[in-house]
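The next block is my_file05.txt, given as compact mmCIF, C-alpha atoms.
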```txt
# COMPACT_ATOMS: atom_id res chain seq x y z
CA MET A 1 -73.54 -31.84 -44.05
CA ALA A 2 -70.14 -33.51 -43.96
CA SER A 3 -68.27 -33.73 -47.22
CA GLU A 4 -65.85 -36.51 -48.18
CA LEU A 5 -64.99 -35.00 -51.52
CA LYS A 6 -63.42 -31.67 -50.69
CA LYS A 7 -60.47 -31.12 -48.40
CA VAL A 8 -60.95 -29.03 -45.28
CA ALA A 9 -58.65 -26.43 -43.75
CA LEU A 10 -58.90 -24.88 -40.29
CA VAL A 11 -57.31 -21.42 -40.23
CA THR A 12 -56.90 -19.46 -37.00
CA GLY A 13 -56.67 -15.68 -36.91
CA ALA A 14 -58.83 -15.77 -40.03
CA ALA A 15 -60.82 -12.57 -39.53
CA ARG A 16 -58.31 -10.41 -41.36
CA GLY A 17 -54.77 -10.11 -42.69
CA ILE A 18 -52.76 -13.20 -43.59
CA GLY A 19 -55.39 -15.52 -42.10
CA LEU A 20 -58.18 -14.14 -44.25
CA ALA A 21 -55.96 -14.17 -47.34
CA THR A 22 -55.14 -17.81 -46.62
CA ALA A 23 -58.79 -18.76 -46.19
CA THR A 24 -59.55 -17.02 -49.47
CA ARG A 25 -56.79 -18.91 -51.27
CA PHE A 26 -57.98 -22.25 -49.90
CA LEU A 27 -61.48 -21.51 -51.22
CA GLU A 28 -60.04 -20.61 -54.62
CA ASP A 29 -58.28 -23.98 -54.63
CA GLY A 30 -61.53 -25.81 -53.97
CA TRP A 31 -61.13 -26.42 -50.24
CA GLN A 32 -63.70 -25.91 -47.49
CA VAL A 33 -62.54 -23.66 -44.67
CA ALA A 34 -63.24 -23.38 -40.96
CA MET A 35 -62.27 -19.84 -39.95
CA LEU A 36 -61.42 -19.29 -36.29
CA ASP A 37 -60.80 -15.98 -34.55
CA ILE A 38 -61.38 -14.27 -31.20
CA LEU A 39 -62.87 -11.25 -32.99
CA GLY A 40 -66.34 -12.68 -33.49
CA ASP A 41 -68.07 -9.82 -35.29
CA THR A 42 -65.10 -9.16 -37.57
CA LEU A 43 -64.83 -12.88 -38.30
CA ARG A 44 -68.47 -13.30 -39.19
CA SER A 45 -68.36 -10.24 -41.42
CA ALA A 46 -65.25 -11.60 -43.18
CA ALA A 47 -66.84 -15.01 -43.69
CA GLU A 48 -70.00 -13.46 -45.10
CA GLY A 49 -67.90 -11.31 -47.40
CA LEU A 50 -66.41 -14.41 -48.98
CA GLY A 51 -69.86 -15.34 -50.23
CA ARG A 52 -69.36 -19.08 -49.77
CA PRO A 53 -71.63 -20.11 -46.87
CA GLU A 54 -71.69 -23.73 -48.03
CA ALA A 55 -67.90 -23.96 -47.83
CA THR A 56 -67.07 -21.82 -44.79
CA LEU A 57 -67.64 -21.99 -41.06
CA ALA A 58 -66.98 -19.12 -38.62
CA LEU A 59 -65.73 -20.22 -35.20
CA GLU A 60 -65.32 -17.64 -32.45
CA ALA A 61 -62.73 -18.81 -29.92
CA ASP A 62 -59.60 -17.84 -28.01
CA VAL A 63 -56.79 -20.14 -29.13
CA ALA A 64 -55.25 -19.96 -25.65
CA THR A 65 -58.33 -21.44 -23.96
CA PRO A 66 -58.29 -25.28 -24.04
CA GLY A 67 -62.05 -25.79 -23.75
CA ALA A 68 -62.81 -23.27 -26.47
CA VAL A 69 -60.25 -24.86 -28.79
CA GLU A 70 -61.62 -28.36 -28.26
CA ALA A 71 -65.19 -27.19 -28.85
CA ALA A 72 -64.26 -25.29 -32.03
CA VAL A 73 -62.33 -28.23 -33.49
CA GLU A 74 -65.21 -30.59 -32.76
CA GLN A 75 -67.66 -28.17 -34.40
CA ALA A 76 -65.48 -28.08 -37.52
CA ARG A 77 -65.23 -31.87 -37.58
CA ARG A 78 -68.99 -32.25 -37.24
CA ARG A 79 -69.67 -29.73 -39.99
CA PHE A 80 -67.17 -30.98 -42.57
CA GLY A 81 -66.40 -34.53 -41.47
CA ARG A 82 -62.62 -34.14 -41.65
CA ILE A 83 -59.71 -31.70 -41.25
CA ASP A 84 -56.89 -31.96 -43.78
CA ALA A 85 -54.92 -28.82 -42.94
CA LEU A 86 -54.41 -26.68 -39.87
CA VAL A 87 -52.93 -23.19 -40.16
CA ASN A 88 -51.91 -21.79 -36.77
CA ASN A 89 -51.91 -18.12 -37.73
CA ALA A 90 -53.50 -16.39 -34.72
CA GLY A 91 -50.99 -14.20 -32.92
CA ILE A 92 -50.51 -11.04 -30.90
CA ALA A 93 -47.60 -8.73 -30.19
CA VAL A 94 -46.54 -6.26 -27.52
CA PHE A 95 -44.02 -3.75 -28.84
CA LYS A 96 -42.37 -2.23 -25.78
CA PRO A 97 -38.85 -1.92 -24.36
CA MET A 98 -37.92 -5.17 -22.63
CA LEU A 99 -37.78 -3.67 -19.14
CA GLU A 100 -41.30 -2.26 -19.55
CA VAL A 101 -42.95 -5.55 -20.52
CA THR A 102 -45.13 -6.84 -17.69
CA LEU A 103 -45.43 -10.45 -16.64
CA GLU A 104 -49.07 -10.41 -17.73
CA GLU A 105 -48.11 -9.17 -21.22
CA TRP A 106 -45.34 -11.78 -21.49
CA GLN A 107 -47.68 -14.58 -20.46
CA ARG A 108 -50.47 -13.52 -22.82
CA VAL A 109 -48.17 -13.29 -25.85
CA LEU A 110 -46.76 -16.75 -25.18
CA ALA A 111 -50.24 -18.12 -24.46
CA VAL A 112 -51.58 -17.01 -27.84
CA ASN A 113 -48.48 -17.41 -30.02
CA LEU A 114 -47.07 -20.64 -28.59
CA THR A 115 -49.63 -22.39 -26.41
CA GLY A 116 -52.36 -21.72 -28.99
CA PRO A 117 -50.63 -23.70 -31.77
CA PHE A 118 -49.84 -26.43 -29.23
CA LEU A 119 -53.49 -26.71 -28.19
CA LEU A 120 -54.83 -26.61 -31.77
CA THR A 121 -52.39 -29.27 -32.90
CA GLN A 122 -53.20 -31.48 -29.92
CA ALA A 123 -56.88 -31.25 -30.84
CA VAL A 124 -56.56 -31.64 -34.61
CA ALA A 125 -53.73 -34.19 -34.92
CA PRO A 126 -55.84 -37.15 -33.70
CA ILE A 127 -58.38 -36.40 -36.44
CA MET A 128 -55.59 -36.33 -39.03
CA ARG A 129 -54.06 -39.49 -37.54
CA ASP A 130 -57.33 -41.36 -37.97
CA GLN A 131 -57.54 -40.10 -41.58
CA GLY A 132 -53.95 -41.21 -42.21
CA SER A 133 -52.75 -37.81 -43.41
CA GLY A 134 -52.72 -34.09 -42.75
CA ALA A 135 -50.64 -30.94 -42.93
CA ILE A 136 -50.01 -28.30 -40.29
CA VAL A 137 -48.43 -24.90 -40.91
CA ASN A 138 -47.43 -22.73 -37.98
CA ILE A 139 -47.00 -19.03 -38.68
CA ALA A 140 -43.74 -18.02 -37.04
CA SER A 141 -41.96 -14.76 -37.88
CA ILE A 142 -38.68 -13.36 -39.05
CA SER A 143 -38.58 -11.96 -35.48
CA GLY A 144 -38.15 -15.54 -34.29
CA LEU A 145 -35.09 -16.02 -36.51
CA ARG A 146 -33.27 -12.80 -35.73
CA ALA A 147 -33.58 -10.55 -32.70
CA SER A 148 -34.88 -7.02 -32.86
CA THR A 149 -35.89 -4.23 -30.54
CA LEU A 150 -39.22 -3.90 -28.72
CA ARG A 151 -40.28 -7.52 -29.19
CA VAL A 152 -38.84 -9.60 -26.38
CA ALA A 153 -42.08 -11.56 -25.86
CA TYR A 154 -43.12 -11.70 -29.51
CA GLY A 155 -39.73 -12.72 -30.88
CA THR A 156 -39.20 -15.31 -28.16
CA SER A 157 -42.64 -16.83 -28.74
CA LYS A 158 -42.00 -17.12 -32.47
CA ALA A 159 -38.55 -18.65 -31.98
CA ALA A 160 -40.11 -21.24 -29.69
CA LEU A 161 -42.86 -21.85 -32.26
CA ALA A 162 -40.22 -22.60 -34.90
CA HIS A 163 -38.77 -25.29 -32.67
CA LEU A 164 -42.20 -26.60 -31.71
CA THR A 165 -42.76 -27.05 -35.44
CA LYS A 166 -39.75 -29.37 -35.65
CA GLN A 167 -40.81 -31.31 -32.57
CA GLN A 168 -44.29 -31.80 -34.00
CA ALA A 169 -42.91 -32.77 -37.40
CA VAL A 170 -40.69 -35.48 -35.95
CA GLU A 171 -43.34 -36.99 -33.72
CA LEU A 172 -46.35 -36.76 -36.05
CA ALA A 173 -44.64 -38.06 -39.20
CA GLN A 174 -45.50 -41.64 -38.22
CA TYR A 175 -49.16 -40.74 -38.69
CA GLY A 176 -48.69 -39.21 -42.12
CA ILE A 177 -48.91 -35.68 -40.72
CA ARG A 178 -46.49 -33.05 -42.02
CA VAL A 179 -45.68 -29.95 -39.97
CA ASN A 180 -43.90 -26.88 -41.31
CA ALA A 181 -43.69 -23.20 -40.47
CA VAL A 182 -43.75 -20.00 -42.47
CA ALA A 183 -41.78 -17.06 -41.11
CA PRO A 184 -43.11 -13.84 -42.65
CA GLY A 185 -40.92 -10.80 -42.99
CA PRO A 186 -42.53 -7.33 -43.14
CA VAL A 187 -45.95 -7.71 -44.75
CA ASP A 188 -48.20 -4.92 -45.99
CA THR A 189 -51.08 -5.66 -43.64
CA ALA A 190 -53.55 -3.08 -42.36
CA MET A 191 -51.68 -3.09 -39.06
CA ALA A 192 -48.34 -2.40 -40.72
CA LYS A 193 -49.84 0.43 -42.73
CA ALA A 194 -51.20 1.94 -39.53
CA VAL A 195 -48.12 1.70 -37.30
CA HIS A 196 -45.11 1.75 -39.65
CA SER A 197 -44.05 5.35 -40.15
CA PRO A 198 -42.36 6.41 -43.41
CA GLU A 199 -39.03 6.24 -41.55
CA ILE A 200 -39.65 2.67 -40.38
CA ARG A 201 -40.72 1.61 -43.87
CA ALA A 202 -37.56 3.17 -45.31
CA ASP A 203 -35.45 1.23 -42.81
CA TYR A 204 -37.10 -2.04 -43.82
CA HIS A 205 -36.65 -1.29 -47.50
CA ASP A 206 -32.96 -0.64 -46.84
CA HIS A 207 -32.56 -4.12 -45.31
CA ILE A 208 -34.75 -6.20 -47.65
CA PRO A 209 -32.96 -7.28 -50.84
CA LEU A 210 -36.21 -7.28 -52.81
CA ASP A 211 -36.75 -3.70 -51.57
CA ARG A 212 -40.44 -4.02 -50.67
CA TYR A 213 -42.92 -5.38 -48.17
CA GLY A 214 -44.57 -8.72 -48.83
CA LEU A 215 -48.24 -9.06 -49.70
CA GLU A 216 -50.76 -11.05 -47.69
CA GLU A 217 -51.54 -13.06 -50.80
CA GLU A 218 -47.87 -14.02 -51.17
CA LEU A 219 -47.87 -15.45 -47.66
CA ALA A 220 -51.11 -17.29 -48.42
CA ASN A 221 -49.50 -18.83 -51.50
CA ALA A 222 -46.64 -20.25 -49.44
CA ILE A 223 -48.95 -21.52 -46.71
CA CYS A 224 -51.28 -23.28 -49.12
CA PHE A 225 -48.34 -24.78 -51.00
CA LEU A 226 -47.06 -26.37 -47.78
CA CYS A 227 -50.53 -27.76 -47.10
CA GLY A 228 -50.86 -29.28 -50.57
CA GLU A 229 -49.74 -32.42 -52.33
CA GLN A 230 -46.85 -30.68 -54.08
CA ALA A 231 -45.19 -30.39 -50.66
CA ALA A 232 -45.75 -34.06 -49.80
CA TYR A 233 -42.06 -34.67 -48.94
CA ILE A 234 -41.52 -31.46 -46.97
CA THR A 235 -41.78 -31.52 -43.19
CA GLY A 236 -39.98 -29.95 -40.24
CA GLN A 237 -38.99 -26.85 -42.21
CA VAL A 238 -39.20 -23.13 -41.43
CA LEU A 239 -39.68 -21.19 -44.66
CA ALA A 240 -38.84 -17.49 -44.45
CA VAL A 241 -41.11 -15.56 -46.80
CA ASP A 242 -39.33 -12.29 -46.33
CA GLY A 243 -37.88 -10.88 -49.56
CA GLY A 244 -34.40 -12.02 -48.49
CA PHE A 245 -34.46 -10.14 -45.19
CA ASP A 246 -33.05 -13.00 -43.10
CA ALA A 247 -30.47 -14.00 -45.70
CA ALA A 248 -29.07 -10.47 -45.91
CA GLY A 249 -27.79 -10.45 -42.34
CA VAL A 250 -26.41 -7.15 -41.14
CA GLY A 251 -27.33 -4.37 -43.52
CA LEU A 252 -24.89 -1.72 -44.66
CA PRO A 253 -27.14 0.87 -46.31
CA THR A 254 -24.29 3.28 -47.05
CA LEU A 255 -22.34 0.66 -49.02
CA ARG A 256 -25.46 -0.34 -50.95
CA LYS A 257 -26.14 3.27 -51.85
CA GLU A 258 -22.57 3.72 -53.01
CA ARG A 259 -22.82 0.58 -55.09
CA ARG A 260 -25.97 1.87 -56.80
CA ASN A 261 -24.13 5.04 -57.72
CA ILE A 262 -21.25 3.24 -59.43
```

Translate the structure described by the file into structure tokens.
Amino acid sequence: MASELKKVALVTGAARGIGLATATRFLEDGWQVAMLDILGDTLRSAAEGLGRPEATLALEADVATPGAVEAAVEQARRRFGRIDALVNNAGIAVFKPMLEVTLEEWQRVLAVNLTGPFLLTQAVAPIMRDQGSGAIVNIASISGLRASTLRVAYGTSKAALAHLTKQQAVELAQYGIRVNAVAPGPVDTAMAKAVHSPEIRADYHDHIPLDRYGLEEELANAICFLCGEQAAYITGQVLAVDGGFDAAGVGLPTLRKERRNI
């Protein structure tokens, strides 16, 4: 049954990680949440684990497939009657040396990370326009703000997503729709715990002024803030939630260590 009382968020990549943390935070704030992910079984298990069947909807879809996106958005609209926030969180990465990245890998990363948010926004924005308001948050990355190794497709897709955010913000403002992006730095997700060796974690700690990884819940806090009324005059911005990683620029670990010893 559609509800006109509670706000509704559509979160992609919601089966785990930052997406699931964001869906959880929306529920805590009294929102209803449509959770979309390509990992159907994992998604349904996550939605059931939240224990809020009346306020959640699991949508299995590939964000890079136009027909699937349109069908999922329409299902969410029919279930809840409205969509007040869209969080384009679904993303993939290929970590390989640039000269080893195949055309197929390049195209798939851009399809999910860039075309996906484009398709979701194209499908959801008309609903928000007819409502007279809405908020969209694209999940970019610190890798889209500063280059790094092994992420030519991922970093490029996220840099393009940051600019897409500004394009969308400028053009959709006339409809009362705000569009911003969050650029996470290193976050302590299950994936990071699995693939970041102690040496890699030490390197990140050396370059992050706050000297730690972020938490999924901290990213969710920023995302939900940008979707809420307290951010009513914020649009077209890319917020780095990264412990100061981007602001620090080039790191000089030796000098920092010497400074600590003074």

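Between CA of Ala111 (chain A) and CA of Asp62 (chain A) lies a distance of 10.0 Å.
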
Test item: residues at most 9 Å from Gly40 (chain A), all atoms listed in the file, excluding those fewer than 2 positions along its chain, as a PyMOL selection string
chain A and resi 15+36-38+42-45+58-61

For Ile92 (chain A), list every protein, DNA or RNA residue within 9 Å, evaluated using only C-alpha atoms, and leave out those in the same chain fewer than 3 positions away; present the list as a tab-separated table (two decimals) with C-alpha atoms, in the coordinates of the input.
```
chain	number	residue	atom	x	y	z
A	108	ARG	CA	-50.47	-13.52	-22.82
A	109	VAL	CA	-48.17	-13.29	-25.85
A	110	LEU	CA	-46.76	-16.75	-25.18
A	112	VAL	CA	-51.58	-17.01	-27.84
A	113	ASN	CA	-48.48	-17.41	-30.02
A	154	TYR	CA	-43.12	-11.70	-29.51
```

Which residues are near Val8 (chain A)? Cut-off 8 Å, all atoms listed in the file, ignore same chain within fewer than 2 positions. Put them as JSON, numbers by chain.
{"A": [6, 10, 31, 32, 33, 34, 80, 82, 83, 84, 85]}

Two-atom distance - CA of Phe245 (chain A), CA of Ile208 (chain A) (Å):
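Separation between CA of Phe245 (chain A) and CA of Ile208 (chain A): 4.7 Å.
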
For Val241 (chain A), find every residue with an atom within 12 Å (counting only C-alpha atoms), except residues of its own chain fewer than 5 positions away, and show them as a list in words.
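That gives Ile139, Ala140, Ser141, Ile142, Leu145, Ala181, Val182, Ala183, Pro184, Gly185, Pro186, Val187, Ile208, Leu210, Tyr213, Gly214, Leu215, Glu216, Glu217, Glu218, Leu219, Ala220, Asn221, Ala222, Ile223, Asp246 and Ala247 of chain A.
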
Take the residues from that selection and put them in a file with C-alpha atoms, as a PDB file, keeping the file's coordinate frame.
```pdb
ATOM      1  CA  ILE A 139     -47.000 -19.030 -38.680  1.00  0.00           C
ATOM      2  CA  ALA A 140     -43.740 -18.020 -37.040  1.00  0.00           C
ATOM      3  CA  SER A 141     -41.960 -14.760 -37.880  1.00  0.00           C
ATOM      4  CA  ILE A 142     -38.680 -13.360 -39.050  1.00  0.00           C
ATOM      5  CA  LEU A 145     -35.090 -16.020 -36.510  1.00  0.00           C
ATOM      6  CA  ALA A 181     -43.690 -23.200 -40.470  1.00  0.00           C
ATOM      7  CA  VAL A 182     -43.750 -20.000 -42.470  1.00  0.00           C
ATOM      8  CA  ALA A 183     -41.780 -17.060 -41.110  1.00  0.00           C
ATOM      9  CA  PRO A 184     -43.110 -13.840 -42.650  1.00  0.00           C
ATOM     10  CA  GLY A 185     -40.920 -10.800 -42.990  1.00  0.00           C
ATOM     11  CA  PRO A 186     -42.530  -7.330 -43.140  1.00  0.00           C
ATOM     12  CA  VAL A 187     -45.950  -7.710 -44.750  1.00  0.00           C
ATOM     13  CA  ILE A 208     -34.750  -6.200 -47.650  1.00  0.00           C
ATOM     14  CA  LEU A 210     -36.210  -7.280 -52.810  1.00  0.00           C
ATOM     15  CA  TYR A 213     -42.920  -5.380 -48.170  1.00  0.00           C
ATOM     16  CA  GLY A 214     -44.570  -8.720 -48.830  1.00  0.00           C
ATOM     17  CA  LEU A 215     -48.240  -9.060 -49.700  1.00  0.00           C
ATOM     18  CA  GLU A 216     -50.760 -11.050 -47.690  1.00  0.00           C
ATOM     19  CA  GLU A 217     -51.540 -13.060 -50.800  1.00  0.00           C
ATOM     20  CA  GLU A 218     -47.870 -14.020 -51.170  1.00  0.00           C
ATOM     21  CA  LEU A 219     -47.870 -15.450 -47.660  1.00  0.00           C
ATOM     22  CA  ALA A 220     -51.110 -17.290 -48.420  1.00  0.00           C
ATOM     23  CA  ASN A 221     -49.500 -18.830 -51.500  1.00  0.00           C
ATOM     24  CA  ALA A 222     -46.640 -20.250 -49.440  1.00  0.00           C
ATOM     25  CA  ILE A 223     -48.950 -21.520 -46.710  1.00  0.00           C
ATOM     26  CA  ASP A 246     -33.050 -13.000 -43.100  1.00  0.00           C
ATOM     27  CA  ALA A 247     -30.470 -14.000 -45.700  1.00  0.00           C
TER      28      ALA A 247
END
```

Nearest candidate to Glu229 (chain A) (options A:Ser133, A:Gln75, A:Thr165, A:Thr115; using only C-alpha atoms)
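Among the listed residues, A:Ser133 lies closest to Glu229 (chain A).
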
Computed interatomic separation between CA of Ser148 (chain A) and CA of Lys96 (chain A) (Å)
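Separation of CA of Ser148 (chain A) and CA of Lys96 (chain A): 11.4 Å.
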
For each of A:Ile127, A:Leu150, A:Ala23, A:Leu164, take the minimum atom-to-atom distance to Arg78 (chain A), counting only C-alpha atoms, then give the residue where this is smallest.
A:Ile127

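Of the residues listed (A:Lys166, A:Arg178, A:Arg52, A:Arg151), A:Arg178 shows the shortest atom-to-atom separation from Leu226 (chain A); distances use all atoms listed in the file.
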